[in-house]
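Below: the structure, in structure tokens.
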Amino acid sequence: MNSLSLRLVHGFFFAVIVSSSAAIRESSPRLPPAESLPARAEFPDPLVMLNGEKVTSAKQWNEVRRPELKAMFAHYMYGEIPPKPAKLDFKTTVADEKFLGGKATLKFVTISISGSEVPKIDLLVVTPNAVKSAPAFLALNFCGNHAIHADAARGTQAADWPIEEIISRGYALASFANADVDSDRAAVSDGVYAWLAKERTGAAANSATSDRGCIAGWAWGFQRCVDYLVTDPAIDKSRIAAVGHSRNGKTALLAAAYDERIALAIPHQAGCGGTAPNRVKADLASSAANGRPTVETVAVINKSFPHWFNAEFKRFIEQPEKLPFDQHELAALMAPRPVLFSNATGDKWANPGGQFDMLKAAEPVYKLLGAGGCDATEMPPEGKLVNSTLGYYIRAGNHSMTSGDWMVFLDFADRNLKAVR
């Protein structure tokens, strides 16, 4: 968003649903215009402030550098994640304690804002009956809750969501669809952004393509689901993991980076705009025989999906090296919490090698905080999980999220989420 848009959004929420946004505005640093930023080919040092000052302590990271990075990602790339509403309503519409033959309880929960026309979020929650307070995966899906289990409804993607295995391993699963928050169509906004426009101007906007920031909007949905999960006694509120595939993986990482209630993040095959670098190596950025780069770039993703990012990000289409950050610093915002980057060898478009570089470049922050890092000096072989605080995994196959991927997610969570309390 541009600065005017940010003021409008913040001002709107101050008047309607949240009283703290003025304080948020006042605490945000002043950031230079894109054209005045220096170009740098190397990845920025996550422990060097915008003014050149070196971060040398955990206190300085948490109180100064971390807020600066959050402000820069919001201003130059994603747009602001709207603040938390003052009052949310949670309504359980279904509660089946005999789900999966009595192994689990299935609930459908509707999340809405009191007295508002903002679209409702339908959250599916499955909790193991054998665990009093279970760690939980909160996963964003593409096709709606009906698709992820045959008993929930049609179950068209049930094979890729091994709910019984997740339950048997002692975890809960919660899921919602990104369309509940806002449409994933460049020319149509029929969710949270249309609602914001209507509240501001009296007329819904359905063509806000250049300054919409859908990833930030979907991250807002993630955080509203966390608002519910921390109230559910069947969920251990200190052990919630955010999961997403592709653009939903970009969303999961952004939501978790900004919300410390999320204890672990698994952005699966999140690629450009998420876990892959904005500064792409020259041999990968150059056009291949088919006229396309080898990996997705800032220019390509902004032209293909203009609604995912704010208008300011489009200023860097020709010069991504002028960005004052790169995606390793989004991963660094997770510190000291664990994060897993997972990929496939056939998904070259998502730049698996660049993602490993981002993971390693985030290490200095984790080490400053005494949280370890990535227990690999180079990309692991296919099928081997690097099961450290900064985790990495690559398998055979293409761009997809499978039941086999979930087995890796569970192994990573067993070490980094379930076993640590």
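Residue numbering restarts at 1 in every chain; chains get A, B, ... in the order shown in the structure tokens, and ligands count up from 1 in that same order.
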Please extract the residues of range 192-342 of chain A with a backbone DSSP assignment of helix (DSSP H, G or I) and present them as a PyMOL selection string. chain A and resi 192-201+214-229+247-258+282-285+298-304+306-308+311-316+320-322+328-332
When DSSP works through the backbone of this structure, what residues of range 164-404 of chain A end up as strand (DSSP E or B), shown as a PyMOL selection string? chain A and resi 172-177+185+188+235-245+264-268+287+293+339-344+386+390-395
I'd like the neighbourhood of Asn248 in chain A as a ChimeraX atom specification, where a residue qualifies if any of its atoms comes within 10 Å (using only C-alpha atoms), though same-chain residues fewer than 4 positions away should be ignored. /A:139-142,177-178,215,218-219,242-244,252-254,267-270,274
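The residue that comes closest to Ile121 in chain A, out of A:Asp180, A:Glu363, A:Asp211, A:Glu42 and on the basis of only C-alpha atoms, is A:Asp180.
If only C-alpha atoms are the atoms counted, then among A:Arg66, A:Arg30, A:Lys384, A:Arg212 the closest residue to Ala257 in chain A is A:Arg66.
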Do you know which residues are at most 6 Å from Ile240 in chain A counting only C-alpha atoms, after dropping those on the same chain fewer than 6 positions away, and could you put them as a PyMOL selection string? chain A and resi 135-137+262-263
With range 161-170 of chain A as the partner and 12 Å as the cut-off, tabulate the residues of range 216-304 of chain A that qualify, each row holding the nearest pair of atoms and their distance in Å to one decimal, using only C-alpha atoms, sorted by chain and rising number, as a Markdown table.
| residue | atom | partner | partner_atom | distance |
| --- | --- | --- | --- | --- |
| A:Ala234 | CA | A:Gly170 | CA | 11.5 |
| A:Ile235 | CA | A:Gly170 | CA | 11.0 |
| A:Asp236 | CA | A:Gly170 | CA | 11.4 |
| A:Val243 | CA | A:Trp161 | CA | 12.0 |
